[in-house]
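Undergrad: Just passing along the structure, written as structure tokens.
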Amino acid sequence: MSVPILAAQDLTKTYGRGPDRFDALKGVSLEIGRGDSVAIVGKSGSGKSTLMHILALLDTPGGGQVHVDGTDAKTLSGRRLNALRNTMFGFVFQQFFLNPGSSVLENVVLPLKIAGVGSRERRARGMAVLEQLELADKARNKAGNLSGGQKQRVVIARALINSPQVLFADEPTGNLDTATGRIVEDILFDLNSNHGITLITVTHDHDLAARFNRRLYIRDGLLINTDEEHAA
Amino acid sequence: MNPLEILKTAMANSFRSKLRTLLTILAIFVGAFTLTITNGLGTGISNYIDSQIAAVGSSNSFTVAKTDTSGNPASGPKKYDATTKVLAAGGRPGSTQLALGQADLDAIGAIPGITGVTPVTRLSPDFIQWNDHDKYQLSVSPLAGAQPQLAAGAPLDDSAAQPQLILPSSYVAPLGFADNSQAVGQDATIGITDATGIMHSITARITGIEQSALLGGGGAFINKSLSTALADAQGTGAPAASKSVWANVTASFAPSSAAQVNDMKGKLAAAGYTAQTLDDRIGTVKTVINGIIGVLDAFAVIALVAAGFGIVNTLLMSVQERTREIGLMKAMGMGSGSVFALFSTEAAFIGFLGSAIGSAAAIGLGTAVSGALARGPLSDLEGLHILAFAPGSVAGVILLVMAIAFIAGTLPAWRAARQNPIDALRYE
């Protein structure tokens, strides 16, 4: 069996101390293979977002280890960690996190700018990825003037611009109406099945979760085997 | 992110909140404007004083007198020494000054670095007259090597056999000339009384007219030939002994560094002489003016420090506003160093805008006001441009303001840089 792209052992995470202490994760272990599509499903406060943030190396676990492609994340230097976030991972957020005052193209090429890519190449690659998501005609529009579905497509374009191996999505359809949400879902699954990008999505939407290869159910900081809500 | 990209992004970011940036720039503008004006005032007045000092005498010479120690209160009367001679001196009535003789001239000339020694002869001409017009009193400047600021004509020629003089512009109309240019090239008659009371007349060519000056005593400048002629006439019939004692001598030297000048001064002091350069004699004026400019500069810097807090405030608000954006950039692999550089560059850029606009406005307004003053209220002080802007000091002001802005920007930049990406993304 090949090395899993992401592996976690006994992850714990605690917020606050004393009477305010809250254990968000109480020992989570998992492995995600290359090209897999995984849904992390749970209710609000179950620890699902915390788990994704730790897997994406945006947050550090209180205990346990995360291995990326076989390497312990703790051993990565700041520079390597930044390079990893920049080129290996892509992020799609429920709240978009677009810069409304800048143009669509500028928003999309932000990761390239951070990586220090020259402006000519940035433009070419930015236009190519916008083309792929059928947004080329909106390149010069201000990001703040787009509809919700268009914004989420811009966010996906931004996540894809560095050809990441893993795409993290946090409630990608949470702010969209059903029809638009469906389009965004289709784009994500197309990337997974036709481009081999590993897809890890946090959601509480069971219809969306049903479309994934694997579902990880999380409750009160622990992975559980079945979807109790549905099983009940 | 490469440095050029950081600069471009920081510049673009500073224009995102235009009103806030504008107000900060205005605060810096006031400080930079004041600092440039006070600097210009210093430069303008220093330039004027330099030219005025050059008009009084050469900067490459000492005025040397014998060091007199009898003035010390506790020293008591001094023993008589047959070789010491004294002269009546200015100051309080009855005061005397130790005189210099030929032996002293030789001793001073022997000091290394001194190229020439000339006694300062006090000449007291009685009058000057042109073409039978009225006679006017005249005084002549005793110091050789002066470079008066000319309103017309040419400088004196010390090697010429022809007696020459330069008159202050105040003499032009009284002597009967229509204007400065008519006076230049004319021959005037100078009357001088000798020791026995006989009046001698000496004819001298007017080569130039001096602008009215701040430090000059309103006297005429004369060349060596006229000086010798006047001294000969004045000395006619005087006892030989009085011809060979002088109160002061001028010791000239090749252009030297300050250290070399001080070295020569030290050697002269060791030999019992007090030597002063023109800067020593008149430079105190400059020190006072530099002191005043320094105080004004300090006020301008206080204004800039206040503006610095404005920058801190502006940037802290920006960091607050852009918390999610910073978090996003960090999530996408932007290093803390780059985030810090981004915000401190933005601060320095705001500082640059404020100082560049402030300095430009100060130069524009200052030049106009200075010109108007030179034509109007200050027209009596010819050659004075009260505000002069040296490119070096203006660049210095801009760099200083940018440095203050950069320092002000470090606190907000540091707060931005240390943000955890996930905390920043959660921030609502």
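Ligands are numbered from 1 in the order shown, residues from 1 within each chain, and chains are lettered A, B, ... in the order they appear in the structure tokens.
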Please provide the set of residues having any atom within 8 Å of stretch 175-180 of chain B, restricted to only C-alpha atoms, with same-chain residues fewer than 3 positions apart removed, written as a list in words.
TA: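 Within the cut-off, the hits are Gln129, Trp130, His133, Asp134, Lys135, Tyr136, Ala151, Ala152, Ser169, Tyr171, Val172, Ala183, Val184 and Ile209 of chain B.
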Undergrad: Near B:Ala238, counting only C-alpha atoms, which residues have an atom at most 12 Å away, once you skip same-chain residues fewer than 3 positions from it, shown as a ChimeraX atom specification?
TA: /B:193-198,231-235,241-244
Undergrad: May I have the residues from that selection written out with N, CA, C and O atoms, as a PDB file, in the first residue's frame?
TA:
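Everything below was put into selection-v5.pdb:
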```
ATOM      1  N   THR B 193      46.450 112.809   6.230  1.00  0.00           N
ATOM      2  CA  THR B 193      47.346 113.727   6.944  1.00  0.00           C
ATOM      3  C   THR B 193      48.529 112.939   7.487  1.00  0.00           C
ATOM      4  O   THR B 193      48.342 111.846   8.020  1.00  0.00           O
ATOM      5  N   ASP B 194      49.738 113.508   7.366  1.00  0.00           N
ATOM      6  CA  ASP B 194      50.888 112.781   7.900  1.00  0.00           C
ATOM      7  C   ASP B 194      51.154 113.192   9.347  1.00  0.00           C
ATOM      8  O   ASP B 194      50.389 113.976   9.938  1.00  0.00           O
ATOM      9  N   ALA B 195      52.267 112.668   9.907  1.00  0.00           N
ATOM     10  CA  ALA B 195      52.533 112.843  11.337  1.00  0.00           C
ATOM     11  C   ALA B 195      52.781 114.303  11.698  1.00  0.00           C
ATOM     12  O   ALA B 195      52.599 114.706  12.851  1.00  0.00           O
ATOM     13  N   THR B 196      53.172 115.086  10.702  1.00  0.00           N
ATOM     14  CA  THR B 196      53.469 116.487  11.000  1.00  0.00           C
ATOM     15  C   THR B 196      52.303 117.394  10.662  1.00  0.00           C
ATOM     16  O   THR B 196      52.404 118.611  10.734  1.00  0.00           O
ATOM     17  N   GLY B 197      51.204 116.834  10.241  1.00  0.00           N
ATOM     18  CA  GLY B 197      50.001 117.635   9.996  1.00  0.00           C
ATOM     19  C   GLY B 197      49.859 118.106   8.562  1.00  0.00           C
ATOM     20  O   GLY B 197      48.971 118.903   8.262  1.00  0.00           O
ATOM     21  N   ILE B 198      50.688 117.618   7.664  1.00  0.00           N
ATOM     22  CA  ILE B 198      50.591 118.029   6.260  1.00  0.00           C
ATOM     23  C   ILE B 198      49.668 117.066   5.513  1.00  0.00           C
ATOM     24  O   ILE B 198      49.754 115.850   5.673  1.00  0.00           O
ATOM     25  N   ALA B 231      50.082 104.286   3.526  1.00  0.00           N
ATOM     26  CA  ALA B 231      50.914 104.093   4.712  1.00  0.00           C
ATOM     27  C   ALA B 231      52.145 104.996   4.635  1.00  0.00           C
ATOM     28  O   ALA B 231      52.527 105.606   5.636  1.00  0.00           O
ATOM     29  N   ASP B 232      52.747 105.094   3.441  1.00  0.00           N
ATOM     30  CA  ASP B 232      53.918 105.953   3.266  1.00  0.00           C
ATOM     31  C   ASP B 232      53.556 107.405   3.560  1.00  0.00           C
ATOM     32  O   ASP B 232      54.280 108.108   4.269  1.00  0.00           O
ATOM     33  N   ALA B 233      52.410 107.822   3.011  1.00  0.00           N
ATOM     34  CA  ALA B 233      52.007 109.212   3.206  1.00  0.00           C
ATOM     35  C   ALA B 233      51.736 109.483   4.679  1.00  0.00           C
ATOM     36  O   ALA B 233      52.168 110.480   5.244  1.00  0.00           O
ATOM     37  N   GLN B 234      51.029 108.536   5.311  1.00  0.00           N
ATOM     38  CA  GLN B 234      50.667 108.715   6.720  1.00  0.00           C
ATOM     39  C   GLN B 234      51.904 108.717   7.616  1.00  0.00           C
ATOM     40  O   GLN B 234      51.947 109.412   8.618  1.00  0.00           O
ATOM     41  N   GLY B 235      52.896 107.930   7.207  1.00  0.00           N
ATOM     42  CA  GLY B 235      54.083 107.775   8.054  1.00  0.00           C
ATOM     43  C   GLY B 235      55.131 108.863   7.869  1.00  0.00           C
ATOM     44  O   GLY B 235      56.135 108.886   8.592  1.00  0.00           O
ATOM     45  N   ALA B 241      60.722 104.693  15.248  1.00  0.00           N
ATOM     46  CA  ALA B 241      60.303 103.630  16.164  1.00  0.00           C
ATOM     47  C   ALA B 241      58.831 103.292  16.008  1.00  0.00           C
ATOM     48  O   ALA B 241      58.435 102.132  16.066  1.00  0.00           O
ATOM     49  N   SER B 242      57.991 104.298  15.813  1.00  0.00           N
ATOM     50  CA  SER B 242      56.556 104.038  15.738  1.00  0.00           C
ATOM     51  C   SER B 242      56.183 103.359  14.428  1.00  0.00           C
ATOM     52  O   SER B 242      55.104 102.813  14.290  1.00  0.00           O
ATOM     53  N   LYS B 243      57.081 103.407  13.436  1.00  0.00           N
ATOM     54  CA  LYS B 243      56.782 102.752  12.161  1.00  0.00           C
ATOM     55  C   LYS B 243      56.981 101.248  12.235  1.00  0.00           C
ATOM     56  O   LYS B 243      56.504 100.514  11.394  1.00  0.00           O
ATOM     57  N   SER B 244      57.730 100.804  13.238  1.00  0.00           N
ATOM     58  CA  SER B 244      58.052  99.369  13.266  1.00  0.00           C
ATOM     59  C   SER B 244      57.367  98.636  14.413  1.00  0.00           C
ATOM     60  O   SER B 244      57.811  97.593  14.826  1.00  0.00           O
TER      61      SER B 244
END
```
Undergrad: I'd like the contact shell of A:Lys74 - 10 Å cut-off, only C-alpha atoms, skipping same-chain residues fewer than 5 positions apart - returned as a PyMOL selection string.
TA: chain A and resi 57+60-61+65-67+81
Undergrad: Between stretch 89-166 of chain A and stretch 194-208 of chain A, at 10 Å or less, what are the per-residue closest atom pairs and their distances in Å? Count only C-alpha atoms, order by chain and rising residue number, and return it as a Markdown table.
TA:
```
| residue | atom | partner | partner_atom | distance |
| --- | --- | --- | --- | --- |
| A:Phe89 | CA | A:Thr198 | CA | 9.6 |
| A:Gly90 | CA | A:Leu199 | CA | 9.7 |
| A:Phe91 | CA | A:Ile200 | CA | 9.8 |
| A:Val92 | CA | A:Thr201 | CA | 9.1 |
| A:Phe93 | CA | A:Val202 | CA | 10.0 |
| A:Gln94 | CA | A:Val202 | CA | 10.0 |
| A:Leu160 | CA | A:Ile197 | CA | 9.6 |
| A:Ser163 | CA | A:Ile197 | CA | 8.7 |
| A:Pro164 | CA | A:Ile197 | CA | 7.2 |
| A:Gln165 | CA | A:Ile197 | CA | 5.2 |
| A:Val166 | CA | A:Thr198 | CA | 4.6 |
```
Undergrad: Once DSSP has gone over the backbone, tell me which residues of stretch 17-117 of chain A are in strand (DSSP E), as a list in words.
TA: Phe22, Asp23, Ala24, Leu25, Lys26, Gly27, Val28, Ser29, Leu30, Glu31, Ile32, Ser37, Val38, Ala39, Ile40, Val41, Gly63, Gly64, Gln65, Val66, His67, Val68, Thr71, Asp72, Phe89, Gly90, Phe91, Val92 and Phe93 of chain A
Undergrad: Do you have, as JSON lines, the list of residues of chain A lying at most 7 Å from chain B, each with its nearest atom pair and that distance in Å to one decimal, counting only C-alpha atoms and ordered by chain then number?
TA:
```
{"residue": "A:Leu58", "atom": "CA", "partner": "B:Ile422", "partner_atom": "CA", "distance": 5.9}
{"residue": "A:Asp59", "atom": "CA", "partner": "B:Ile422", "partner_atom": "CA", "distance": 6.4}
{"residue": "A:Asn82", "atom": "CA", "partner": "B:Gly333", "partner_atom": "CA", "distance": 3.9}
{"residue": "A:Ala83", "atom": "CA", "partner": "B:Gly333", "partner_atom": "CA", "distance": 5.9}
{"residue": "A:Arg85", "atom": "CA", "partner": "B:Gly333", "partner_atom": "CA", "distance": 4.9}
{"residue": "A:Asn86", "atom": "CA", "partner": "B:Gly333", "partner_atom": "CA", "distance": 4.5}
{"residue": "A:Pro111", "atom": "CA", "partner": "B:Met332", "partner_atom": "CA", "distance": 6.0}
{"residue": "A:Lys113", "atom": "CA", "partner": "B:Met1", "partner_atom": "CA", "distance": 6.1}
{"residue": "A:Ile114", "atom": "CA", "partner": "B:Met1", "partner_atom": "CA", "distance": 4.5}
{"residue": "A:Ala115", "atom": "CA", "partner": "B:Met1", "partner_atom": "CA", "distance": 5.6}
{"residue": "A:Gly116", "atom": "CA", "partner": "B:Met1", "partner_atom": "CA", "distance": 4.4}
```
Undergrad: What does the file look like for those residues with N, CA, C and O atoms, as a short mmCIF file (atom, residue, chain, number, x, y, z; two decimals), in the first residue's frame?
TA:
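Written out: result-v1.cif:
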```
data_model
loop_
_atom_site.label_atom_id
_atom_site.label_comp_id
_atom_site.auth_asym_id
_atom_site.auth_seq_id
_atom_site.Cartn_x
_atom_site.Cartn_y
_atom_site.Cartn_z
N LEU A 58 -2.98 24.39 9.25
CA LEU A 58 -3.26 25.78 9.59
C LEU A 58 -3.22 25.95 11.10
O LEU A 58 -3.11 27.05 11.60
N ASP A 59 -3.33 24.84 11.83
CA ASP A 59 -3.38 24.89 13.27
C ASP A 59 -2.49 23.75 13.78
O ASP A 59 -2.23 22.80 13.05
N ASN A 82 5.45 26.89 4.78
CA ASN A 82 4.83 27.90 3.93
C ASN A 82 4.76 27.43 2.48
O ASN A 82 3.76 27.61 1.79
N ALA A 83 5.85 26.79 2.02
CA ALA A 83 5.88 26.30 0.64
C ALA A 83 4.82 25.21 0.45
O ALA A 83 4.15 25.14 -0.59
N ARG A 85 1.97 24.83 2.22
CA ARG A 85 0.65 25.47 2.19
C ARG A 85 0.40 26.11 0.85
O ARG A 85 -0.71 26.13 0.34
N ASN A 86 1.47 26.66 0.27
CA ASN A 86 1.32 27.42 -0.97
C ASN A 86 1.08 26.53 -2.17
O ASN A 86 0.27 26.84 -3.03
N PRO A 111 -2.12 33.42 -4.56
CA PRO A 111 -1.11 32.42 -4.14
C PRO A 111 0.16 32.50 -4.99
O PRO A 111 1.26 32.29 -4.47
N LYS A 113 1.35 35.22 -6.37
CA LYS A 113 2.04 36.43 -5.94
C LYS A 113 2.84 36.13 -4.67
O LYS A 113 4.00 36.54 -4.55
N ILE A 114 2.21 35.38 -3.76
CA ILE A 114 2.89 35.02 -2.52
C ILE A 114 4.11 34.16 -2.83
O ILE A 114 5.17 34.30 -2.23
N ALA A 115 3.97 33.27 -3.84
CA ALA A 115 5.09 32.38 -4.20
C ALA A 115 6.19 33.12 -4.93
O ALA A 115 7.27 32.57 -5.15
N GLY A 116 5.92 34.36 -5.34
CA GLY A 116 6.95 35.15 -6.02
C GLY A 116 7.01 34.92 -7.53
O GLY A 116 8.04 35.13 -8.15
#
```
Undergrad: Hey, what does DSSP flag as helix (DSSP H, G or I) within stretch 9-189 of chain A? Can you give it to me as number ranges by chain?
TA: A: 18-20, 48-55, 73-75, 78-87, 104-108, 110-115, 119-132, 136-138, 143-145, 148-160, 178-189
Undergrad: Would you list the contacts of stretch 137-140 of chain B as a list in words, taking every protein, DNA or RNA residue within 9 Å and counting only C-alpha atoms, but skipping same-chain residues closer than 2 positions in sequence?
TA: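 Counting only the stated atoms, we get Arg122, Leu123, Ser124, Pro125, Asp126, Phe127, Ile128, Lys135, Pro142, Ile190, Gly217, Gly218, Gly219, Ala220, Phe221 and Ile222 of chain B.
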Undergrad: Write the residues of the selection above to a file with all heavy atoms, as a compact mmCIF listing (two decimals), in the first residue's frame.
TA:
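Below you can see out.txt, which holds the result:
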```txt
# COMPACT_ATOMS: atom_id res chain seq x y z
N ARG B 122 47.14 100.49 10.57
CA ARG B 122 45.86 101.21 10.67
C ARG B 122 45.99 102.51 9.89
O ARG B 122 46.81 103.37 10.22
CB ARG B 122 45.53 101.50 12.12
CG ARG B 122 45.35 100.22 12.90
CD ARG B 122 44.44 100.39 14.08
NE ARG B 122 44.39 99.15 14.86
CZ ARG B 122 43.61 98.12 14.53
NH1 ARG B 122 42.82 98.18 13.48
NH2 ARG B 122 43.62 97.03 15.26
N LEU B 123 45.22 102.59 8.84
CA LEU B 123 45.27 103.77 7.98
C LEU B 123 44.08 104.66 8.32
O LEU B 123 42.97 104.18 8.49
CB LEU B 123 45.20 103.36 6.51
CG LEU B 123 46.40 102.51 6.02
CD1 LEU B 123 46.10 101.92 4.66
CD2 LEU B 123 47.65 103.35 5.98
N SER B 124 44.36 105.97 8.43
CA SER B 124 43.27 106.90 8.74
C SER B 124 43.19 107.99 7.70
O SER B 124 43.65 109.11 7.93
CB SER B 124 43.50 107.53 10.12
OG SER B 124 44.07 106.61 11.00
N PRO B 125 42.64 107.67 6.53
CA PRO B 125 42.50 108.74 5.53
C PRO B 125 41.47 109.77 6.02
O PRO B 125 40.61 109.45 6.83
CB PRO B 125 42.00 108.01 4.29
CG PRO B 125 41.59 106.65 4.73
CD PRO B 125 42.06 106.40 6.11
N ASP B 126 41.59 110.99 5.52
CA ASP B 126 40.68 112.04 5.98
C ASP B 126 39.44 112.14 5.13
O ASP B 126 38.34 112.27 5.64
CB ASP B 126 41.41 113.39 5.96
CG ASP B 126 42.54 113.40 6.99
OD1 ASP B 126 42.22 113.46 8.18
OD2 ASP B 126 43.71 113.28 6.57
N PHE B 127 39.63 112.08 3.80
CA PHE B 127 38.44 112.26 2.95
C PHE B 127 38.63 111.57 1.61
O PHE B 127 39.74 111.16 1.24
CB PHE B 127 38.16 113.76 2.73
CG PHE B 127 39.23 114.46 1.94
CD1 PHE B 127 39.23 114.40 0.53
CD2 PHE B 127 40.23 115.17 2.57
CE1 PHE B 127 40.22 115.06 -0.19
CE2 PHE B 127 41.22 115.81 1.85
CZ PHE B 127 41.22 115.76 0.46
N ILE B 128 37.53 111.49 0.89
CA ILE B 128 37.58 111.06 -0.51
C ILE B 128 36.76 112.06 -1.31
O ILE B 128 35.75 112.59 -0.83
CB ILE B 128 37.07 109.61 -0.66
CG1 ILE B 128 37.22 109.17 -2.13
CG2 ILE B 128 35.63 109.47 -0.18
CD1 ILE B 128 37.08 107.67 -2.34
N LYS B 135 33.60 116.68 -0.36
CA LYS B 135 34.49 115.70 0.24
C LYS B 135 33.73 114.90 1.29
O LYS B 135 32.89 115.46 2.01
CB LYS B 135 35.68 116.41 0.91
CG LYS B 135 36.61 117.09 -0.09
CD LYS B 135 37.67 117.90 0.63
CE LYS B 135 38.59 118.58 -0.39
NZ LYS B 135 39.53 119.52 0.26
N PRO B 142 41.27 97.25 7.15
CA PRO B 142 42.69 96.95 7.33
C PRO B 142 43.08 95.53 6.93
O PRO B 142 44.24 95.24 6.79
CB PRO B 142 42.90 97.16 8.83
CG PRO B 142 41.58 96.85 9.43
CD PRO B 142 40.53 97.20 8.42
N ILE B 190 42.10 110.72 -2.59
CA ILE B 190 42.01 110.45 -1.16
C ILE B 190 42.98 111.36 -0.44
O ILE B 190 44.15 111.48 -0.83
CB ILE B 190 42.37 108.98 -0.86
CG1 ILE B 190 41.38 108.05 -1.57
CG2 ILE B 190 42.38 108.71 0.64
CD1 ILE B 190 41.78 106.61 -1.55
N GLY B 217 32.34 97.24 7.91
CA GLY B 217 32.15 98.48 8.66
C GLY B 217 31.77 99.66 7.79
O GLY B 217 31.82 100.80 8.22
N GLY B 218 31.40 99.41 6.55
CA GLY B 218 31.05 100.49 5.65
C GLY B 218 32.29 101.19 5.12
O GLY B 218 32.23 102.31 4.63
N GLY B 219 33.44 100.53 5.23
CA GLY B 219 34.66 101.14 4.74
C GLY B 219 35.00 100.68 3.34
O GLY B 219 34.38 99.77 2.80
N ALA B 220 36.03 101.32 2.73
CA ALA B 220 36.45 100.96 1.39
C ALA B 220 37.47 99.84 1.46
O ALA B 220 38.15 99.67 2.48
CB ALA B 220 37.06 102.17 0.70
N PHE B 221 37.57 99.05 0.40
CA PHE B 221 38.60 98.03 0.27
C PHE B 221 39.68 98.57 -0.65
O PHE B 221 39.36 99.19 -1.67
CB PHE B 221 38.00 96.74 -0.30
CG PHE B 221 36.95 96.13 0.59
CD1 PHE B 221 35.63 96.53 0.50
CD2 PHE B 221 37.30 95.19 1.54
CE1 PHE B 221 34.67 95.99 1.33
CE2 PHE B 221 36.34 94.63 2.37
CZ PHE B 221 35.02 95.02 2.27
N ILE B 222 40.94 98.33 -0.28
CA ILE B 222 42.02 98.89 -1.10
C ILE B 222 43.01 97.80 -1.47
O ILE B 222 43.12 96.80 -0.77
CB ILE B 222 42.76 100.02 -0.33
CG1 ILE B 222 43.28 99.50 1.02
CG2 ILE B 222 41.83 101.21 -0.13
CD1 ILE B 222 44.05 100.55 1.80
```
